[in-house]
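Structure file entry16.cif (mmCIF, C-alpha atoms and all ligand atoms) is printed below.
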```cif
data_model
#
loop_
_atom_site.label_atom_id
_atom_site.label_comp_id
_atom_site.auth_asym_id
_atom_site.auth_seq_id
_atom_site.Cartn_x
_atom_site.Cartn_y
_atom_site.Cartn_z
CA MET R 836 80.69 -67.63 56.37
CA ARG R 837 80.03 -65.20 59.21
CA THR R 838 76.62 -65.32 60.86
CA ARG R 839 74.77 -62.75 62.87
CA GLU R 840 71.41 -62.05 64.39
CA LEU R 841 68.79 -60.52 62.13
CA GLY R 842 67.70 -57.48 64.16
CA LYS R 843 66.33 -58.83 67.44
CA THR R 844 64.63 -61.86 65.93
CA SER R 845 66.94 -64.51 67.41
CA LEU R 846 67.31 -65.74 63.83
CA PHE R 847 71.01 -66.18 63.11
CA VAL R 848 71.69 -65.77 59.42
CA SER R 849 74.65 -65.70 57.04
CA ALA R 850 76.29 -62.33 56.29
CA VAL R 851 74.74 -62.44 52.82
CA GLY R 852 71.41 -63.90 51.77
CA PHE R 853 69.88 -65.19 48.53
CA GLY R 854 67.11 -63.46 46.55
CA GLY R 855 64.63 -65.86 44.97
CA ILE R 856 63.48 -64.08 41.79
CA PRO R 857 66.11 -65.24 39.26
CA ILE R 858 65.57 -68.97 39.91
CA ILE R 859 62.21 -68.54 38.19
CA ARG R 860 64.19 -68.75 34.90
CA LEU R 861 65.72 -72.11 35.83
CA THR R 862 64.38 -75.64 35.69
CA PHE R 863 63.67 -77.31 39.05
CA GLU R 864 66.87 -79.30 38.71
CA GLU R 865 69.02 -76.25 37.89
CA ALA R 866 67.42 -74.21 40.67
CA GLY R 867 68.04 -77.04 43.12
CA SER R 868 71.76 -77.13 42.21
CA VAL R 869 72.16 -73.37 42.65
CA LEU R 870 70.23 -73.30 45.94
CA ARG R 871 72.06 -76.28 47.43
CA HIS R 872 75.39 -74.82 46.33
CA ALA R 873 74.44 -71.66 48.25
CA VAL R 874 73.80 -73.76 51.36
CA ASP R 875 77.16 -75.54 50.86
CA ARG R 876 78.81 -72.10 50.73
CA GLY R 877 77.30 -71.20 54.10
CA ILE R 878 74.39 -69.06 52.88
CA THR R 879 71.46 -69.68 55.21
CA PHE R 880 68.96 -66.91 54.42
CA PHE R 881 66.63 -67.32 51.44
CA ASP R 882 64.01 -64.77 50.41
CA THR R 883 61.15 -65.54 48.06
CA ALA R 884 57.51 -64.47 47.58
CA ASN R 885 54.14 -65.89 46.78
CA ARG R 886 54.10 -63.90 43.54
CA TYR R 887 57.50 -65.15 42.30
CA VAL R 888 55.89 -67.82 40.10
CA ASP R 889 57.44 -71.18 41.15
CA SER R 890 60.30 -69.83 43.27
CA GLU R 891 58.77 -71.06 46.56
CA GLU R 892 58.21 -74.53 45.17
CA LYS R 893 61.77 -74.69 43.89
CA MET R 894 63.09 -73.72 47.31
CA GLY R 895 60.77 -76.24 48.95
CA ARG R 896 62.14 -79.07 46.82
CA ALA R 897 65.76 -77.94 47.15
CA PHE R 898 65.58 -77.75 50.94
CA ALA R 899 63.73 -81.02 51.52
CA GLY R 900 65.63 -82.77 54.31
CA ILE R 901 67.69 -79.70 55.22
CA ARG R 902 64.90 -77.34 56.30
CA ASP R 903 66.56 -76.85 59.71
CA LYS R 904 69.70 -75.49 58.01
CA VAL R 905 67.96 -72.57 56.28
CA VAL R 906 65.99 -69.49 57.28
CA ILE R 907 63.16 -68.86 54.84
CA ALA R 908 61.47 -65.52 54.22
CA THR R 909 58.50 -65.14 51.93
CA LYS R 910 55.81 -62.55 51.25
CA THR R 911 52.15 -61.93 50.61
CA GLY R 912 50.75 -59.19 48.40
CA GLN R 913 47.36 -59.50 50.14
CA ARG R 914 46.20 -56.76 52.46
CA GLN R 915 43.08 -58.42 53.88
CA ALA R 916 42.93 -61.24 56.41
CA SER R 917 41.27 -64.06 54.51
CA PRO R 918 43.27 -63.89 51.23
CA ALA R 919 46.47 -63.34 53.24
CA MET R 920 45.81 -66.57 55.17
CA GLU R 921 45.14 -68.40 51.89
CA GLU R 922 48.47 -67.19 50.52
CA LEU R 923 50.26 -68.15 53.72
CA GLU R 924 48.84 -71.69 53.57
CA LEU R 925 49.83 -71.92 49.90
CA SER R 926 53.37 -70.78 50.74
CA LEU R 927 53.64 -73.41 53.49
CA THR R 928 52.56 -76.08 51.02
CA ARG R 929 54.85 -74.90 48.23
CA LEU R 930 57.81 -74.59 50.60
CA GLY R 931 57.05 -78.01 52.09
CA THR R 932 57.35 -76.71 55.63
CA ASP R 933 55.23 -76.28 58.74
CA HIS R 934 56.58 -72.81 59.48
CA ILE R 935 57.98 -69.74 57.74
CA ASP R 936 60.73 -67.93 59.60
CA LEU R 937 59.92 -64.46 58.28
CA TYR R 938 56.65 -63.53 56.59
CA GLN R 939 56.38 -60.11 54.96
CA PRO R 940 53.49 -58.10 53.55
CA HIS R 941 54.91 -57.33 50.11
CA GLN R 942 55.55 -53.87 48.71
CA VAL R 943 53.36 -51.71 50.91
CA SER R 944 53.63 -48.27 49.34
CA LYS R 945 50.37 -46.36 49.68
CA PRO R 946 48.74 -45.04 52.90
CA GLU R 947 45.40 -46.60 51.95
CA GLU R 948 47.06 -50.04 51.66
CA LEU R 949 48.53 -49.64 55.13
CA ASP R 950 45.13 -48.69 56.51
CA VAL R 951 43.63 -51.91 55.15
CA LEU R 952 46.60 -54.00 56.32
CA LEU R 953 46.42 -52.74 59.90
CA GLY R 954 42.66 -52.16 60.12
CA PRO R 955 39.88 -54.52 61.26
CA GLY R 956 39.83 -57.59 59.00
CA GLY R 957 43.27 -56.65 57.69
CA ALA R 958 46.13 -59.05 56.99
CA MET R 959 48.00 -58.16 60.20
CA GLU R 960 45.20 -59.68 62.27
CA THR R 961 45.57 -63.03 60.61
CA LEU R 962 49.37 -62.89 60.54
CA ALA R 963 49.44 -62.23 64.29
CA LYS R 964 47.26 -65.32 64.79
CA ALA R 965 49.49 -67.35 62.48
CA ARG R 966 52.47 -66.26 64.57
CA GLU R 967 50.72 -67.45 67.75
CA GLN R 968 50.06 -70.78 66.02
CA GLY R 969 53.72 -71.10 65.06
CA LYS R 970 53.03 -71.00 61.30
CA ILE R 971 55.24 -67.95 61.06
CA LEU R 972 57.95 -66.95 63.50
CA HIS R 973 58.35 -63.26 62.66
CA ILE R 974 56.53 -60.61 60.66
CA GLY R 975 58.57 -58.26 58.52
CA ILE R 976 57.54 -55.87 55.76
CA THR R 977 58.78 -54.63 52.38
CA SER R 978 58.34 -51.32 50.59
CA HIS R 979 59.79 -49.30 47.72
CA SER R 980 58.59 -45.99 49.12
CA LEU R 981 60.97 -44.23 51.49
CA GLU R 982 58.25 -42.22 53.18
CA MET R 983 56.11 -45.32 53.72
CA ALA R 984 59.06 -47.42 54.89
CA ARG R 985 59.85 -44.87 57.61
CA ARG R 986 56.20 -44.91 58.64
CA LEU R 987 56.23 -48.72 58.76
CA VAL R 988 59.31 -48.70 60.97
CA ALA R 989 57.65 -46.18 63.30
CA THR R 990 54.66 -48.50 63.86
CA GLY R 991 56.87 -50.83 65.89
CA LEU R 992 54.88 -53.78 64.49
CA PHE R 993 57.52 -55.38 62.28
CA SER R 994 60.72 -57.31 63.00
CA THR R 995 62.39 -56.44 59.71
CA ILE R 996 62.17 -53.92 56.88
CA GLN R 997 63.15 -54.79 53.30
CA PHE R 998 64.03 -51.85 51.06
CA PRO R 999 66.08 -51.11 47.89
CA TYR R 1000 69.62 -49.88 48.52
CA ASN R 1001 72.62 -49.82 46.20
CA ILE R 1002 75.33 -47.59 44.74
CA VAL R 1003 72.81 -45.34 42.99
CA GLU R 1004 69.90 -45.57 45.44
CA THR R 1005 71.38 -44.49 48.74
CA GLU R 1006 68.49 -42.48 50.21
CA ALA R 1007 67.65 -45.15 52.80
CA GLY R 1008 71.06 -44.74 54.42
CA ALA R 1009 70.26 -41.26 55.72
CA ALA R 1010 67.24 -41.86 57.95
CA LEU R 1011 65.44 -45.14 57.28
CA PHE R 1012 68.29 -47.48 58.19
CA PRO R 1013 69.34 -45.58 61.36
CA GLU R 1014 65.70 -45.54 62.48
CA ALA R 1015 65.29 -49.25 61.79
CA LYS R 1016 68.50 -50.05 63.65
CA ALA R 1017 67.41 -47.92 66.62
CA ALA R 1018 64.16 -49.89 66.66
CA GLY R 1019 66.09 -53.18 66.74
CA MET R 1020 64.81 -54.24 63.33
CA GLY R 1021 66.64 -56.40 60.85
CA ILE R 1022 67.36 -54.65 57.53
CA LEU R 1023 67.08 -56.61 54.29
CA VAL R 1024 68.53 -54.98 51.21
CA MET R 1025 66.80 -55.70 47.92
CA LYS R 1026 67.92 -54.50 44.48
CA PRO R 1027 71.66 -54.57 45.28
CA PHE R 1028 72.36 -54.31 41.53
CA ALA R 1029 69.74 -51.57 40.98
CA GLY R 1030 67.48 -53.95 39.12
CA GLY R 1031 70.28 -55.07 36.81
CA MET R 1032 71.55 -51.59 35.98
CA LEU R 1033 74.85 -52.10 37.82
CA ASP R 1034 76.83 -54.53 35.73
CA ASP R 1035 79.85 -54.56 38.07
CA GLY R 1036 78.50 -57.04 40.63
CA ASP R 1037 81.74 -57.08 42.60
CA LEU R 1038 81.67 -53.30 43.08
CA ALA R 1039 77.95 -53.32 43.92
CA LEU R 1040 78.34 -55.94 46.65
CA ARG R 1041 81.52 -54.44 48.10
CA PHE R 1042 79.68 -51.14 48.45
CA LEU R 1043 76.97 -52.86 50.49
CA ARG R 1044 79.13 -55.03 52.66
CA ARG R 1045 80.63 -51.95 54.33
CA ASP R 1046 77.65 -51.91 56.71
CA PRO R 1047 77.49 -55.24 58.55
CA ASP R 1048 73.96 -54.48 59.79
CA LEU R 1049 72.56 -54.84 56.27
CA LEU R 1050 71.50 -58.28 55.11
CA VAL R 1051 71.97 -58.06 51.35
CA ILE R 1052 69.94 -60.53 49.30
CA PRO R 1053 71.36 -60.64 45.77
CA GLY R 1054 69.30 -62.65 43.32
CA CYS R 1055 71.35 -65.52 41.91
CA ASP R 1056 70.70 -67.96 39.11
CA THR R 1057 74.18 -69.41 38.68
CA VAL R 1058 76.69 -71.12 40.91
CA ALA R 1059 79.24 -68.45 39.89
CA GLN R 1060 77.00 -65.67 41.22
CA VAL R 1061 76.59 -67.55 44.49
CA ASP R 1062 80.38 -67.93 44.73
CA GLN R 1063 80.93 -64.24 44.02
CA ALA R 1064 78.56 -63.22 46.82
CA ALA R 1065 79.88 -65.82 49.27
CA ASP R 1066 83.54 -64.93 48.57
CA LEU R 1067 82.91 -61.23 49.02
CA PHE R 1068 81.00 -61.56 52.26
CA GLU R 1069 83.47 -64.06 53.70
CA GLY R 1070 86.47 -61.85 53.01
CA GLU R 1071 87.64 -58.41 54.03
CA THR R 1072 87.78 -55.94 51.16
CA ALA R 1073 88.38 -52.24 51.37
CA TRP R 1074 86.38 -49.53 49.59
CA THR R 1075 88.97 -47.44 47.81
CA GLU R 1076 88.93 -44.01 46.21
CA ALA R 1077 89.00 -45.74 42.83
CA ASP R 1078 85.87 -47.71 43.83
CA GLU R 1079 84.12 -44.51 44.89
CA ALA R 1080 85.02 -42.93 41.54
CA LYS R 1081 83.46 -45.89 39.70
CA ALA R 1082 80.36 -45.66 41.90
CA GLN R 1083 80.09 -41.96 41.16
CA ALA R 1084 80.34 -42.69 37.43
CA TYR R 1085 77.29 -44.98 37.77
CA ARG R 1086 75.43 -42.23 39.68
CA ASP R 1087 76.29 -39.71 36.98
CA GLU R 1088 75.16 -42.08 34.24
CA LEU R 1089 71.91 -43.27 35.80
CA GLY R 1090 70.82 -40.36 37.99
CA SER R 1091 67.69 -40.88 40.09
CA ARG R 1092 65.33 -40.99 37.13
CA PHE R 1093 65.99 -44.55 36.11
CA CYS R 1094 63.90 -47.65 35.78
CA ARG R 1095 64.69 -50.46 38.24
CA ARG R 1096 63.11 -53.09 35.96
CA CYS R 1097 60.70 -54.26 38.66
CA GLU R 1098 57.94 -54.60 36.04
CA TYR R 1099 55.18 -53.51 38.44
CA CYS R 1100 53.96 -51.02 35.80
CA GLN R 1101 53.01 -53.74 33.35
CA PRO R 1102 50.98 -54.79 31.47
CA CYS R 1103 50.30 -51.73 29.36
CA PRO R 1104 46.81 -51.85 27.78
CA GLN R 1105 48.35 -50.56 24.54
CA GLY R 1106 51.01 -53.26 24.45
CA VAL R 1107 53.95 -50.92 25.10
CA ARG R 1108 56.95 -52.89 26.35
CA ILE R 1109 57.58 -50.38 29.08
CA THR R 1110 60.49 -51.89 30.98
CA TYR R 1111 62.73 -52.49 27.99
CA ALA R 1112 61.82 -49.18 26.38
CA MET R 1113 62.69 -47.43 29.65
CA MET R 1114 66.21 -48.82 29.33
CA TYR R 1115 66.85 -47.42 25.86
CA ARG R 1116 68.97 -44.49 27.05
CA VAL R 1117 71.41 -46.81 28.85
CA VAL R 1118 71.40 -49.36 26.02
CA ALA R 1119 72.20 -46.61 23.51
CA LYS R 1120 75.00 -45.28 25.68
CA ARG R 1121 76.64 -48.68 25.93
CA MET R 1122 76.24 -49.64 22.26
CA SER R 1123 76.69 -47.66 19.09
CA PRO R 1124 73.41 -45.97 17.97
CA ALA R 1125 73.15 -48.39 15.02
CA LYS R 1126 73.48 -51.40 17.31
CA ALA R 1127 70.99 -49.92 19.78
CA VAL R 1128 68.44 -49.47 16.98
CA ALA R 1129 68.92 -53.06 15.82
CA PHE R 1130 68.82 -54.39 19.38
CA ALA R 1131 65.87 -52.42 20.70
CA GLY R 1132 63.96 -51.50 17.52
CA GLU R 1133 61.09 -53.93 17.98
CA THR R 1134 60.56 -52.73 21.55
CA MET R 1135 60.83 -49.05 20.71
CA GLU R 1136 58.25 -49.35 17.93
CA THR R 1137 55.68 -50.37 20.60
CA VAL R 1138 56.20 -46.99 22.30
CA ARG R 1139 54.37 -45.35 19.37
CA GLU R 1140 51.18 -46.97 20.72
CA CYS R 1141 51.36 -45.06 24.03
CA ILE R 1142 48.25 -42.91 24.49
CA ASP R 1143 49.51 -41.21 27.65
CA CYS R 1144 46.75 -42.76 29.77
CA GLY R 1145 48.99 -42.72 32.85
CA GLU R 1146 47.86 -46.16 34.07
CA CYS R 1147 51.45 -47.40 34.32
CA MET R 1148 52.47 -44.46 36.52
CA THR R 1149 49.93 -45.41 39.18
CA ARG R 1150 51.77 -48.74 39.54
CA CYS R 1151 55.38 -47.52 39.48
CA PRO R 1152 56.75 -47.61 43.05
CA TYR R 1153 59.41 -45.05 42.06
CA ASN R 1154 56.89 -42.50 40.76
CA LEU R 1155 58.68 -42.28 37.44
CA PRO R 1156 57.04 -40.08 34.79
CA ILE R 1157 56.86 -43.09 32.48
CA PRO R 1158 55.06 -41.66 29.39
CA GLU R 1159 57.33 -38.59 29.42
CA MET R 1160 60.45 -40.75 29.68
CA LEU R 1161 59.17 -43.06 26.96
CA ARG R 1162 58.64 -40.07 24.68
CA GLU R 1163 62.20 -38.89 25.33
CA HIS R 1164 63.54 -42.36 24.57
CA LEU R 1165 61.46 -42.60 21.40
CA GLU R 1166 62.81 -39.25 20.25
CA MET R 1167 66.34 -40.47 20.89
CA TYR R 1168 65.63 -43.75 19.07
CA ASP R 1169 64.18 -41.88 16.08
CA GLY R 1170 67.30 -39.69 16.00
CA HIS R 1171 69.47 -42.81 15.98
CA ARG R 1172 67.39 -44.35 13.19
CA ALA R 1173 67.71 -41.22 11.10
CA ALA R 1174 71.48 -41.16 11.61
CA LYS R 1175 71.94 -44.80 10.54
S1 LIG L 1201 50.81 -44.20 29.65
FE1 LIG L 1201 51.41 -45.23 27.78
S2 LIG L 1201 52.81 -46.82 28.46
FE2 LIG L 1201 51.68 -46.15 30.26
S3 LIG L 1201 49.96 -47.60 30.40
FE3 LIG L 1201 49.26 -45.78 29.26
S4 LIG L 1201 49.58 -46.33 27.12
FE4 LIG L 1201 50.80 -47.76 28.33
S1 LIG L 1202 58.87 -47.93 35.07
FE1 LIG L 1202 58.70 -48.09 37.31
S2 LIG L 1202 57.32 -49.84 37.64
FE2 LIG L 1202 58.00 -49.95 35.53
S3 LIG L 1202 59.72 -51.34 35.57
FE3 LIG L 1202 60.53 -49.26 35.75
S4 LIG L 1202 60.71 -48.85 37.92
FE4 LIG L 1202 59.40 -50.64 37.70
#
```
How does this structure look as structure tokens?
Amino acid sequence: MRTRELGKTSLFVSAVGFGGIPIIRLTFEEAGSVLRHAVDRGITFFDTANRYVDSEEKMGRAFAGIRDKVVIATKTGQRQASPAMEELELSLTRLGTDHIDLYQPHQVSKPEELDVLLGPGGAMETLAKAREQGKILHIGITSHSLEMARRLVATGLFSTIQFPYNIVETEAGAALFPEAKAAGMGILVMKPFAGGMLDDGDLALRFLRRDPDLLVIPGCDTVAQVDQAADLFEGETAWTEADEAKAQAYRDELGSRFCRRCEYCQPCPQGVRITYAMMYRVVAKRMSPAKAVAFAGETMETVRECIDCGECMTRCPYNLPIPEMLREHLEMYDGHRAAK
């Protein structure tokens, strides 16, 4: 596996990393096997977060005795100093380590959050102290908002930026990534499979590996997924016209108005299963209408409870018009039911 420096951090990491959300689904034993297999395949960068349930603890157990072989990144959703320090201490305990290589304020999207983060008594104060104490080596940041991510890069305060980028979400390639590179920052790519919407994992990863400055962190919960990522980033594969045509077909199918399944919009006070209902259009396209109705019927019936309160929209990092899209999907579902 090739290695390279992550921005100007002096952290040397594998050409592909490992995203820590999917191991939540696994038992500790299963997660340990997948994580150690990744290390055996030369993957050295592992990204997790305080809010990923037991992902940190699973990594901590899997890397006991081999901590010096891995670079660990984790995150805090806290914006103020005291709760951020509490989360950092908890992460150190869960990960079973005395230091975190890269610590990232998680999903900073709104200007008012940034003001708190950087202001007096904000999390950056305590993270800077933790860096002086050696509890964290570098401070990075993550965002889903392009405008905010560019602003974060411009502050010059962070060693890395983590942002979604994939076949259908390419906006970051135009300005954000060049600006981050010019600033000497490491670039972590989340959502390489567009939140599960790209089912051709090989194509999705080959698209991303064309830029060696991107550290892609695909989430893996099987040994086979680890092997696929490791094989692709070890080898040399071209991006052909046929690949570009397939990528364009995904763009045509999904457009920009699609749900990335991040689940930040939930829970809905009315019990609407937003994420799955937001996928109905794609589900219906891939199955026959009758199968889509059988598959998604229970979920789509919850959409009838939507009262258009808009609460979910305030939490969607992609600013999707959720109630409007849900109504469109419900209309489509009702049409499919009627045609059955
Ligand atoms: S707009 Fe509808 S789906 Fe969104 S939170 Fe309100 S009731 Fe739930
Ligand atoms: S609607 Fe928005 S917040 Fe909810 S899962 Fe989809 S992308 Fe995420």
Neighbour list for Leu972 in chain R as a PDB file with C-alpha atoms, in the frame of the given file, cut-off 10 Å, all atoms listed in the file, skip fewer than 5 positions in-chain:
```
ATOM      1  CA  THR R 844      64.630 -61.860  65.930  1.00  0.00           C
ATOM      2  CA  LEU R 846      67.310 -65.740  63.830  1.00  0.00           C
ATOM      3  CA  HIS R 934      56.580 -72.810  59.480  1.00  0.00           C
ATOM      4  CA  ILE R 935      57.980 -69.740  57.740  1.00  0.00           C
ATOM      5  CA  ASP R 936      60.730 -67.930  59.600  1.00  0.00           C
ATOM      6  CA  LEU R 937      59.920 -64.460  58.280  1.00  0.00           C
ATOM      7  CA  TYR R 938      56.650 -63.530  56.590  1.00  0.00           C
ATOM      8  CA  LEU R 962      49.370 -62.890  60.540  1.00  0.00           C
ATOM      9  CA  ALA R 963      49.440 -62.230  64.290  1.00  0.00           C
ATOM     10  CA  ALA R 965      49.490 -67.350  62.480  1.00  0.00           C
ATOM     11  CA  ARG R 966      52.470 -66.260  64.570  1.00  0.00           C
ATOM     12  CA  GLU R 967      50.720 -67.450  67.750  1.00  0.00           C
TER      13      GLU R 967
END
```
Please identify every residue of chain R that has at least one atom no farther than 7 Å from an atom of ligand LIG 1202 (chain L), counting all atoms listed in the file, and for each give the shortest atom pair and the distance in Å to one decimal, arranged by chain then increasing number, as a Markdown table.
```
| residue | atom | partner | partner_atom | distance |
| --- | --- | --- | --- | --- |
| R:Cys1094 | CA | L:LIG1202 | FE3 | 3.7 |
| R:Arg1095 | CA | L:LIG1202 | S4 | 4.3 |
| R:Arg1096 | CA | L:LIG1202 | S3 | 3.8 |
| R:Cys1097 | CA | L:LIG1202 | FE4 | 4.0 |
| R:Glu1098 | CA | L:LIG1202 | S3 | 3.7 |
| R:Tyr1099 | CA | L:LIG1202 | S2 | 4.3 |
| R:Cys1100 | CA | L:LIG1202 | S2 | 4.0 |
| R:Gln1101 | CA | L:LIG1202 | FE2 | 6.6 |
| R:Ile1109 | CA | L:LIG1202 | FE2 | 6.5 |
| R:Thr1110 | CA | L:LIG1202 | S3 | 4.7 |
| R:Met1113 | CA | L:LIG1202 | S1 | 6.6 |
| R:Arg1150 | CA | L:LIG1202 | S2 | 6.0 |
| R:Cys1151 | CA | L:LIG1202 | S2 | 3.5 |
| R:Pro1152 | CA | L:LIG1202 | S2 | 5.9 |
| R:Tyr1153 | CA | L:LIG1202 | FE1 | 5.7 |
| R:Asn1154 | CA | L:LIG1202 | FE1 | 6.8 |
| R:Leu1155 | CA | L:LIG1202 | FE1 | 5.8 |
| R:Ile1157 | CA | L:LIG1202 | S1 | 5.8 |
```
Worksheet item: Need the neighbours of (85.3, -59.3, 48.0): which residues are at most 12 Å away, counting only C-alpha atoms, as a PyMOL selection string?
Response: chain R and resi 1036-1045+1062-1074
Item to complete: Dump as JSON, numbers by chain all residues having an atom at most 12 Å from (74.7, -73.4, 41.0), computed in the file's coordinates with only C-alpha atoms.
Response: {"R": [857, 858, 861, 862, 863, 864, 865, 866, 867, 868, 869, 870, 871, 872, 873, 874, 875, 876, 897, 1055, 1056, 1057, 1058, 1059, 1060, 1061, 1062, 1063]}
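When the distance limit is 7 Å and all atoms listed in the file are what count, the residues near Ala1112 in chain R, minus those fewer than 5 positions from it on the same chain, are Thr1134, Met1135 and Leu1161 of chain R.
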Worksheet item: Of the residues R:Met1122, R:Ala1129, R:Met1160, R:Cys1103, which is the one nearest to ligand LIG 1201 (chain L), using all atoms listed in the file?
Response: R:Cys1103
Discussion item. If I take CA of His941 in chain R and CA of Val1003 in chain R, how far is one from the other in Å, to one decimal?
Written reply: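 CA of Val1003 in chain R lies at a distance of 22.7 Å from CA of His941 in chain R.
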Worksheet item: Closest to Pro1053 in chain R among R:Pro1102, R:Gly842, R:Pro999, R:Gly1090, using only C-alpha atoms?
Response: R:Pro999
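Taking only C-alpha atoms and all ligand atoms into account, ligand LIG 1201 (chain L) has within 9 Å the residues Cys1100, Gln1101, Pro1102, Cys1103, Pro1104, Gln1105, Gly1106, Val1107, Arg1108, Ile1109, Val1138, Arg1139, Glu1140, Cys1141, Ile1142, Asp1143, Cys1144, Gly1145, Glu1146, Cys1147, Met1148, Ile1157, Pro1158, Glu1159 and Leu1161 of chain R.
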Worksheet item: Do you know which residues are at most 9 Å from Leu981 in chain R counting only C-alpha atoms, after dropping those on the same chain fewer than 5 positions away, and could you put them as a ChimeraX atom specification?
Response: /R:944,986,998,1006-1007,1011
Worksheet item: Counting all atoms listed in the file, which of R:Thr995, R:Thr1005, R:Ser845, R:Thr879 gets nearest to Ala1018 in chain R?
Response: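 Looking at the shortest contact to Ala1018 in chain R, the residue is R:Thr995.
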Item to complete: Identify which of the residues R:Gln1083, R:Thr909, R:Ser1091, R:Ser994 lies closest to Gly1019 in chain R, counting only C-alpha atoms when measuring atom-to-atom distances.
Response: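 Closest to Gly1019 in chain R of all the choices is R:Ser994.
Residue nearest Gln942 in chain R, chosen from R:Asn1001, R:Gly956, R:Thr928, R:Thr977 and counting all atoms listed in the file: R:Thr977.
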Worksheet item: In Å, with one decimal, what is the gap from CA of Asp933 in chain R to CA of Pro918 in chain R?
Response: 18.8 Å
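Proximity of R:Asp1078, R:Glu892, R:Glu1136, R:Asp1048 to Ile1022 in chain R, computed with all atoms listed in the file, is greatest for R:Asp1048.
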What would range 1084-1089 of chain R look like with all heavy atoms restored, written as a PDB file, in the frame of the given file?
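Below is the file that was written, out_8.pdb:
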```
ATOM      1  N   ALA R1084      80.587 -42.646  38.878  1.00  0.00           N
ATOM      2  CA  ALA R1084      80.340 -42.690  37.430  1.00  0.00           C
ATOM      3  C   ALA R1084      78.970 -43.326  37.151  1.00  0.00           C
ATOM      4  O   ALA R1084      78.224 -42.881  36.271  1.00  0.00           O
ATOM      5  CB  ALA R1084      81.449 -43.469  36.733  1.00  0.00           C
ATOM      6  N   TYR R1085      78.620 -44.372  37.924  1.00  0.00           N
ATOM      7  CA  TYR R1085      77.290 -44.980  37.770  1.00  0.00           C
ATOM      8  C   TYR R1085      76.205 -43.959  38.142  1.00  0.00           C
ATOM      9  O   TYR R1085      75.182 -43.852  37.474  1.00  0.00           O
ATOM     10  CB  TYR R1085      77.130 -46.193  38.691  1.00  0.00           C
ATOM     11  CG  TYR R1085      77.603 -47.501  38.087  1.00  0.00           C
ATOM     12  CD1 TYR R1085      78.650 -48.197  38.658  1.00  0.00           C
ATOM     13  CD2 TYR R1085      76.968 -48.042  36.977  1.00  0.00           C
ATOM     14  CE1 TYR R1085      79.078 -49.407  38.131  1.00  0.00           C
ATOM     15  CE2 TYR R1085      77.377 -49.256  36.445  1.00  0.00           C
ATOM     16  CZ  TYR R1085      78.431 -49.933  37.022  1.00  0.00           C
ATOM     17  OH  TYR R1085      78.836 -51.122  36.485  1.00  0.00           O
ATOM     18  N   ARG R1086      76.448 -43.218  39.256  1.00  0.00           N
ATOM     19  CA  ARG R1086      75.430 -42.230  39.680  1.00  0.00           C
ATOM     20  C   ARG R1086      75.249 -41.172  38.608  1.00  0.00           C
ATOM     21  O   ARG R1086      74.130 -40.773  38.291  1.00  0.00           O
ATOM     22  CB  ARG R1086      75.848 -41.572  41.001  1.00  0.00           C
ATOM     23  CG  ARG R1086      75.814 -42.540  42.169  1.00  0.00           C
ATOM     24  CD  ARG R1086      76.245 -41.884  43.481  1.00  0.00           C
ATOM     25  NE  ARG R1086      76.564 -42.921  44.434  1.00  0.00           N
ATOM     26  CZ  ARG R1086      77.761 -43.096  45.017  1.00  0.00           C
ATOM     27  NH1 ARG R1086      78.744 -42.255  44.777  1.00  0.00           N
ATOM     28  NH2 ARG R1086      77.958 -44.102  45.834  1.00  0.00           N
ATOM     29  N   ASP R1087      76.372 -40.739  38.019  1.00  0.00           N
ATOM     30  CA  ASP R1087      76.290 -39.710  36.980  1.00  0.00           C
ATOM     31  C   ASP R1087      75.537 -40.232  35.759  1.00  0.00           C
ATOM     32  O   ASP R1087      74.762 -39.517  35.130  1.00  0.00           O
ATOM     33  CB  ASP R1087      77.696 -39.251  36.561  1.00  0.00           C
ATOM     34  CG  ASP R1087      78.403 -38.523  37.698  1.00  0.00           C
ATOM     35  OD1 ASP R1087      77.721 -38.124  38.656  1.00  0.00           O
ATOM     36  OD2 ASP R1087      79.644 -38.392  37.633  1.00  0.00           O
ATOM     37  N   GLU R1088      75.778 -41.509  35.438  1.00  0.00           N
ATOM     38  CA  GLU R1088      75.160 -42.080  34.240  1.00  0.00           C
ATOM     39  C   GLU R1088      73.662 -42.326  34.445  1.00  0.00           C
ATOM     40  O   GLU R1088      72.848 -42.026  33.578  1.00  0.00           O
ATOM     41  CB  GLU R1088      75.845 -43.407  33.886  1.00  0.00           C
ATOM     42  CG  GLU R1088      75.242 -44.075  32.659  1.00  0.00           C
ATOM     43  CD  GLU R1088      75.837 -45.437  32.362  1.00  0.00           C
ATOM     44  OE1 GLU R1088      76.934 -45.747  32.870  1.00  0.00           O
ATOM     45  OE2 GLU R1088      75.196 -46.195  31.626  1.00  0.00           O
ATOM     46  N   LEU R1089      73.302 -42.841  35.614  1.00  0.00           N
ATOM     47  CA  LEU R1089      71.910 -43.270  35.800  1.00  0.00           C
ATOM     48  C   LEU R1089      71.021 -42.213  36.457  1.00  0.00           C
ATOM     49  O   LEU R1089      69.812 -42.199  36.238  1.00  0.00           O
ATOM     50  CB  LEU R1089      71.868 -44.553  36.635  1.00  0.00           C
ATOM     51  CG  LEU R1089      72.542 -45.768  35.985  1.00  0.00           C
ATOM     52  CD1 LEU R1089      72.675 -46.910  36.978  1.00  0.00           C
ATOM     53  CD2 LEU R1089      71.749 -46.236  34.770  1.00  0.00           C
TER      54      LEU R1089
END
```
